[in-house]
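Q: To be precise about what I am sending: the file is called model_13.cif and holds mmCIF, C-alpha atoms.
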data_query
loop_
_atom_site.label_atom_id
_atom_site.label_comp_id
_atom_site.auth_asym_id
_atom_site.auth_seq_id
_atom_site.Cartn_x
_atom_site.Cartn_y
_atom_site.Cartn_z
CA MET A 1 0.00 0.00 0.00
CA ILE A 2 1.28 3.46 -0.92
CA THR A 3 0.89 5.89 1.99
CA ILE A 4 2.35 9.06 0.43
CA GLN A 5 1.98 9.75 -3.28
CA SER A 6 3.28 12.93 -4.91
CA VAL A 7 2.65 13.73 -8.59
CA GLN A 8 4.43 16.69 -10.23
CA LEU A 9 4.26 18.64 -6.99
CA SER A 10 5.51 22.23 -7.19
CA LYS A 11 5.74 25.16 -4.79
CA SER A 12 6.64 28.76 -5.56
CA TYR A 13 6.55 32.07 -3.76
CA GLY A 14 5.97 34.67 -6.44
CA PHE A 15 8.61 34.11 -9.09
CA TYR A 16 10.83 32.10 -6.73
CA LYS A 17 10.50 28.35 -7.24
CA ILE A 18 11.09 26.28 -4.11
CA PHE A 19 10.70 22.94 -5.89
CA GLU A 20 9.14 21.79 -9.13
CA ASP A 21 7.50 18.64 -10.53
CA LEU A 22 8.36 16.33 -7.64
CA SER A 23 6.95 12.83 -8.15
CA PHE A 24 7.60 10.03 -5.66
CA SER A 25 5.82 7.47 -3.50
CA ILE A 26 6.41 6.07 -0.03
CA PRO A 27 4.84 2.72 0.90
CA ALA A 28 3.42 1.84 4.29
CA GLY A 29 6.03 0.56 6.72
CA GLU A 30 8.85 2.66 5.31
CA CYS A 31 10.78 5.76 6.40
CA PHE A 32 11.89 8.35 3.84
CA ALA A 33 14.81 10.60 4.79
CA LEU A 34 15.11 13.84 2.82
CA PHE A 35 18.49 15.55 2.66
CA GLY A 36 19.60 18.82 1.11
CA PRO A 37 21.45 22.06 1.83
CA ASN A 38 19.95 24.84 3.92
CA GLY A 39 17.24 26.63 2.00
CA ALA A 40 16.69 23.77 -0.43
CA GLY A 41 12.99 23.54 0.45
CA LYS A 42 12.98 20.43 2.65
CA THR A 43 10.77 21.92 5.35
CA THR A 44 8.46 23.46 2.77
CA LEU A 45 7.94 20.06 1.13
CA LEU A 46 7.23 18.49 4.52
CA GLN A 47 4.70 21.25 5.28
CA VAL A 48 2.96 20.68 1.95
CA LEU A 49 2.68 16.92 2.54
CA ALA A 50 1.40 17.54 6.07
CA THR A 51 -1.31 19.84 4.57
CA LEU A 52 0.09 22.88 6.40
CA THR A 53 1.01 24.70 3.17
CA ARG A 54 -0.81 24.50 -0.15
CA PRO A 55 1.22 23.49 -3.22
CA THR A 56 1.33 25.82 -6.21
CA SER A 57 0.61 22.98 -8.63
CA GLY A 58 0.55 19.20 -8.84
CA ARG A 59 -1.23 16.86 -6.49
CA PHE A 60 -0.54 14.48 -3.64
CA GLU A 61 -2.34 11.87 -1.59
CA ILE A 62 -1.86 10.73 1.99
CA LEU A 63 -3.44 7.38 2.89
CA GLY A 64 -5.51 7.62 -0.27
CA TYR A 65 -6.94 11.04 0.62
CA ASP A 66 -6.46 14.03 -1.66
CA GLY A 67 -4.01 16.45 -0.06
CA ILE A 68 -5.95 19.53 -1.12
CA THR A 69 -9.63 18.61 -0.91
CA GLU A 70 -9.56 16.12 1.98
CA LYS A 71 -7.32 17.81 4.53
CA PRO A 72 -9.44 16.98 7.63
CA ALA A 73 -9.28 13.26 6.92
CA ILE A 74 -5.51 13.46 6.53
CA ARG A 75 -4.96 15.53 9.66
CA ASN A 76 -6.77 12.93 11.76
CA SER A 77 -4.10 10.38 10.86
CA VAL A 78 -0.84 12.34 10.71
CA MET A 79 1.40 14.03 13.23
CA VAL A 80 4.13 16.61 12.74
CA LEU A 81 7.20 16.99 14.93
CA ALA A 82 8.32 20.41 13.75
CA HIS A 83 11.69 22.10 14.11
CA GLY A 84 10.16 24.37 16.77
CA SER A 85 8.55 22.89 19.88
CA TYR A 86 5.10 24.57 19.59
CA LEU A 87 4.50 23.97 23.28
CA TYR A 88 2.82 26.24 25.81
CA ASP A 89 5.39 27.66 28.20
CA ASP A 90 2.94 28.27 31.04
CA LEU A 91 1.67 24.68 31.03
CA ASN A 92 3.57 21.75 32.48
CA ALA A 93 4.42 18.56 30.59
CA VAL A 94 1.23 16.72 31.53
CA GLU A 95 -0.98 19.69 30.66
CA ASN A 96 0.71 20.12 27.28
CA ILE A 97 0.02 16.49 26.43
CA GLN A 98 -3.57 16.75 27.63
CA PHE A 99 -4.13 19.83 25.48
CA ALA A 100 -2.58 18.26 22.37
CA SER A 101 -4.58 15.07 22.88
CA ALA A 102 -7.85 16.97 23.36
CA LEU A 103 -7.36 18.66 19.99
CA ARG A 104 -7.46 15.16 18.49
CA GLY A 105 -10.47 14.09 20.50
CA LYS A 106 -8.41 11.87 22.80
CA SER A 107 -8.37 11.72 26.59
CA PRO A 108 -5.39 9.69 27.81
CA THR A 109 -5.39 8.78 31.48
CA PHE A 110 -2.83 10.22 33.87
CA GLN A 111 -1.20 6.78 34.01
CA GLU A 112 -0.91 6.65 30.20
CA ILE A 113 0.64 10.13 30.12
CA THR A 114 3.06 9.19 32.89
CA ARG A 115 4.08 6.05 30.99
CA ALA A 116 4.77 8.11 27.86
CA LEU A 117 6.86 10.65 29.80
CA ASP A 118 8.79 7.85 31.50
CA PHE A 119 9.45 6.25 28.11
CA VAL A 120 11.25 9.40 26.95
CA ASN A 121 12.96 9.80 30.35
CA ILE A 122 11.36 13.06 31.47
CA GLY A 123 8.79 11.63 33.87
CA ALA A 124 10.53 13.31 36.80
CA PHE A 125 9.76 16.70 35.22
CA ARG A 126 6.06 16.13 34.49
CA ASP A 127 4.93 18.98 36.80
CA LEU A 128 7.54 21.47 35.58
CA LYS A 129 6.40 24.31 33.35
CA ILE A 130 7.75 24.11 29.83
CA ARG A 131 9.49 27.48 30.11
CA PHE A 132 12.09 25.72 32.27
CA PHE A 133 12.67 22.87 29.81
CA SER A 134 15.83 22.67 27.72
CA ALA A 135 15.55 22.30 23.94
CA GLY A 136 16.30 18.60 24.25
CA MET A 137 13.62 18.11 26.90
CA LYS A 138 11.09 19.83 24.65
CA LYS A 139 12.04 17.46 21.85
CA ARG A 140 11.49 14.52 24.21
CA LEU A 141 8.06 15.86 25.17
CA GLY A 142 7.17 15.87 21.48
CA LEU A 143 8.29 12.25 21.30
CA ALA A 144 6.06 11.43 24.28
CA LYS A 145 3.10 12.76 22.29
CA VAL A 146 4.03 10.44 19.42
CA PHE A 147 4.20 7.53 21.88
CA LEU A 148 0.67 8.30 23.05
CA ILE A 149 -1.05 9.30 19.81
CA GLN A 150 0.46 6.60 17.56
CA PRO A 151 -0.14 8.37 14.22
CA LYS A 152 -0.34 6.46 10.95
CA VAL A 153 1.99 8.97 9.29
CA LEU A 154 4.74 10.82 11.15
CA PHE A 155 6.47 13.89 9.71
CA LEU A 156 9.72 14.89 11.42
CA ASP A 157 11.60 18.11 10.67
CA GLU A 158 15.25 17.80 11.78
CA PRO A 159 14.33 15.30 14.51
CA TYR A 160 17.86 14.83 15.89
CA ASN A 161 18.61 18.48 16.62
CA ALA A 162 19.19 19.25 20.34
CA LEU A 163 19.04 15.56 21.33
CA ASP A 164 21.75 13.62 23.12
CA ASP A 165 22.59 10.03 22.18
CA ALA A 166 19.84 8.65 24.41
CA GLY A 167 17.30 10.99 22.84
CA VAL A 168 18.38 9.92 19.35
CA GLY A 169 17.91 6.30 20.39
CA ILE A 170 14.39 7.02 21.66
CA THR A 171 13.54 8.82 18.42
CA ASN A 172 14.68 5.95 16.25
CA ASP A 173 13.00 3.37 18.48
CA LEU A 174 9.69 5.22 18.07
CA ILE A 175 10.16 5.34 14.29
CA ARG A 176 10.95 1.62 14.16
CA ASP A 177 7.87 0.83 16.25
CA LEU A 178 5.72 2.97 13.95
CA LEU A 179 7.04 1.17 10.86
CA LYS A 180 6.49 -2.28 12.39
CA LYS A 181 2.84 -1.35 12.90
CA GLY A 182 2.48 -0.40 9.24
CA GLY A 183 2.94 3.33 9.72
CA THR A 184 5.03 5.63 7.55
CA ALA A 185 7.64 8.25 8.43
CA PHE A 186 8.97 11.20 6.43
CA MET A 187 11.90 13.13 7.87
CA THR A 188 14.09 16.03 6.84
CA THR A 189 17.61 15.84 8.24
CA HIS A 190 21.27 16.71 7.72
CA ASP A 191 22.42 13.73 9.79
CA ARG A 192 22.92 10.81 7.43
CA ILE A 193 24.54 8.59 10.08
CA LYS A 194 21.54 8.70 12.42
CA ALA A 195 19.06 8.53 9.54
CA THR A 196 20.78 5.39 8.21
CA GLN A 197 19.53 3.51 11.25
CA VAL A 198 15.85 3.84 10.27
CA ALA A 199 15.51 5.14 6.70
CA SER A 200 14.60 2.69 3.94
CA GLN A 201 14.30 5.39 1.26
CA THR A 202 16.40 8.51 0.81
CA GLY A 203 16.54 11.49 -1.48
CA ILE A 204 18.29 14.84 -1.75
CA LEU A 205 16.57 18.08 -2.71
CA ARG A 206 18.80 20.39 -4.75
CA GLN A 207 17.84 23.41 -6.84
CA GLY A 208 14.18 22.44 -6.69
CA THR A 209 14.69 18.87 -7.90
CA LEU A 210 14.58 15.60 -6.00
CA HIS A 211 17.48 13.22 -6.66
CA PRO A 212 18.21 9.68 -5.41
CA PHE A 213 20.65 9.60 -2.52
CA ASN A 214 22.76 6.62 -1.49
CA LEU A 215 23.51 6.79 2.21
CA GLU A 216 26.35 4.32 1.97
CA SER A 217 28.38 6.04 -0.76
CA GLN A 218 27.84 9.76 -0.19
CA THR A 219 29.94 12.07 1.95
CA THR A 220 29.00 14.92 4.25
CA ASN A 221 29.89 17.40 1.49
CA ASP A 222 27.11 15.94 -0.66
CA LEU A 223 24.56 17.32 1.81
CA SER A 224 25.61 20.96 1.39
#
Reformat the file's structure so that it appears as structure tokens.
A:
Amino acid sequence: MITIQSVQLSKSYGFYKIFEDLSFSIPAGECFALFGPNGAGKTTLLQVLATLTRPTSGRFEILGYDGITEKPAIRNSVMVLAHGSYLYDDLNAVENIQFASALRGKSPTFQEITRALDFVNIGAFRDLKIRFFSAGMKKRLGLAKVFLIQPKVLFLDEPYNALDDAGVGITNDLIRDLLKKGGTAFMTTHDRIKATQVASQTGILRQGTLHPFNLESQTTNDLS
């Protein structure tokens, strides 16, 4: 089953073309890692696929739903871990999870939330307001939401930034678990070594075009 299908997808801002005529597919149970230099349009492509930004032309489907006309159906099944935390500083960890879950019509128990926070090793800070969290702790809180919500499609924008080795391990464990359950992951990253551990498909976005990318043979210079 194809989870993500893109057909001649293009995005421009005025006369500036971010990317053009991108066609690719990602089956269920696979993780696609997208590489490319800063400003290549990786995050913009992720936002388009997550229905957060409308493409200029072309079409795409997520789980068989049209990415332009059936956004609500898609948003019920996907989750985005963005580069920013998008957390509420005046709420604690538990309250942030409760709020995010309520937006999806879910009401996890306190025990379920505690289990998720313990899984990402921030359970001891569950009552601490987010304004006192480090960047890495905020990333882990996002991972706790993934653990609880279990989306069918997970979009990750630079997921390894600000994480220590343990946090990277938790991230990749969550991705592996998602894939085993038939889910699909799409990540943007500069870290080919960490991505190698979970990615089954890879590509590099350069000058608005998507190219195949071999993780085993490329060097760090190929990402810039």
Q: Quick one, how far is CA of Thr202 (chain A) from CA of Phe35 (chain A)?
A: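 Interatomic distance here is 7.6 Å.
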Q: Compare A:Leu128, A:Leu103, A:Gly39, A:Gln201 by their minimum atom-to-atom distance to Ser25 (chain A), counting all atoms listed in the file, and give me the closest one.
A: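 The closest residue to Ser25 (chain A) is A:Gln201.
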Q: Apply the PyMOL selection byres ((chain A and resi 60) around 10) to the displayed file and report the matching residues as a list in words.
A: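 On this input, the PyMOL selection byres ((chain A and resi 60) around 10) captures Ile4, Gln5, Ser6, Val7, Gln8, Leu9, Leu22, Ser23, Phe24, Ser25, Val48, Leu49, Thr51, Pro55, Ser57, Gly58, Arg59, Glu61, Ile62, Gly64, Tyr65, Asp66, Gly67 and Ile68 of chain A.
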Q: Excluding Leu34 (chain A) and its own-chain neighbours fewer than 5 positions away, which residues fall within 10 Å of it when counting all atoms listed in the file? Please give them as a PyMOL selection string.
A: chain A and resi 42-43+45-46+157-158+186-190+192+195+199+201-205+210-213
Q: Using CA of Arg75 (chain A) and CA of Leu141 (chain A) as the two end points, give the distance in Å to one decimal.
A: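 We find that CA of Arg75 (chain A) and CA of Leu141 (chain A) lie 20.3 Å from each other.
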Q: Find the axis-aligned box for region 107-112 of chain A, covering all its listed atoms and adding 6 Å on each side, and write its centre and edge lengths in Å to one decimal as lines of an AutoDock Vina configuration file.
A:
center_x = -4.6
center_y = 9.2
center_z = 30.3
size_x = 19.5
size_y = 17.1
size_z = 19.4
Q: What lies within 10 Å of Leu117 (chain A) using all atoms listed in the file, ignoring chain neighbours under 2 positions off, as an MDAnalysis selection string?
A: chainID A and resid 93:94 97 111:115 119:126 140:145 147:148
Q: What does the distance between CA of Arg54 (chain A) and CA of Lys139 (chain A) come to in Å, to one decimal place?
A: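 Those two atoms sit 26.4 Å apart.
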Q: For each of A:Gly208, A:Ile175, A:Gly169, A:Glu70, take the minimum atom-to-atom distance to Phe19 (chain A), counting only C-alpha atoms, then give the residue where this is smallest.
A: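 Under the stated criterion, the closest residue is A:Gly208.
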Q: In the coordinates of the file, take the point (18.6, 16.1, 19.5) and a cut-off of 12 Å; then, counting only C-alpha atoms, name each qualifying protein, DNA or RNA residue as a ChimeraX atom specification.
A: /A:83,134-143,157-172,189,191,194
Q: Next, the residues of the selection above should be written as an mmCIF file, keeping the file's coordinate frame with C-alpha atoms.
A:
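And here's again25.cif as it stands now:
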data_model
loop_
_atom_site.group_PDB
_atom_site.id
_atom_site.type_symbol
_atom_site.label_atom_id
_atom_site.label_comp_id
_atom_site.auth_asym_id
_atom_site.auth_seq_id
_atom_site.Cartn_x
_atom_site.Cartn_y
_atom_site.Cartn_z
ATOM 1 C CA HIS A 83 11.690 22.100 14.110
ATOM 2 C CA SER A 134 15.830 22.670 27.720
ATOM 3 C CA ALA A 135 15.550 22.300 23.940
ATOM 4 C CA GLY A 136 16.300 18.600 24.250
ATOM 5 C CA MET A 137 13.620 18.110 26.900
ATOM 6 C CA LYS A 138 11.090 19.830 24.650
ATOM 7 C CA LYS A 139 12.040 17.460 21.850
ATOM 8 C CA ARG A 140 11.490 14.520 24.210
ATOM 9 C CA LEU A 141 8.060 15.860 25.170
ATOM 10 C CA GLY A 142 7.170 15.870 21.480
ATOM 11 C CA LEU A 143 8.290 12.250 21.300
ATOM 12 C CA ASP A 157 11.600 18.110 10.670
ATOM 13 C CA GLU A 158 15.250 17.800 11.780
ATOM 14 C CA PRO A 159 14.330 15.300 14.510
ATOM 15 C CA TYR A 160 17.860 14.830 15.890
ATOM 16 C CA ASN A 161 18.610 18.480 16.620
ATOM 17 C CA ALA A 162 19.190 19.250 20.340
ATOM 18 C CA LEU A 163 19.040 15.560 21.330
ATOM 19 C CA ASP A 164 21.750 13.620 23.120
ATOM 20 C CA ASP A 165 22.590 10.030 22.180
ATOM 21 C CA ALA A 166 19.840 8.650 24.410
ATOM 22 C CA GLY A 167 17.300 10.990 22.840
ATOM 23 C CA VAL A 168 18.380 9.920 19.350
ATOM 24 C CA GLY A 169 17.910 6.300 20.390
ATOM 25 C CA ILE A 170 14.390 7.020 21.660
ATOM 26 C CA THR A 171 13.540 8.820 18.420
ATOM 27 C CA ASN A 172 14.680 5.950 16.250
ATOM 28 C CA THR A 189 17.610 15.840 8.240
ATOM 29 C CA ASP A 191 22.420 13.730 9.790
ATOM 30 C CA LYS A 194 21.540 8.700 12.420
#
Q: Within 12 Å of (4.8, -3.1, 5.6), in the coordinates the file gives, what residues turn up when you count all atoms listed in the file, written out as a PyMOL selection string?
A: chain A and resi 1-3+26-31+176-184+200
Q: Check the smallest atom-to-atom distance from each of A:Gly41, A:Asp118, A:Thr209, A:Ala185 to Leu81 (chain A) using only C-alpha atoms, then report the winner.
A: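 Under the stated criterion, the closest residue is A:Ala185.
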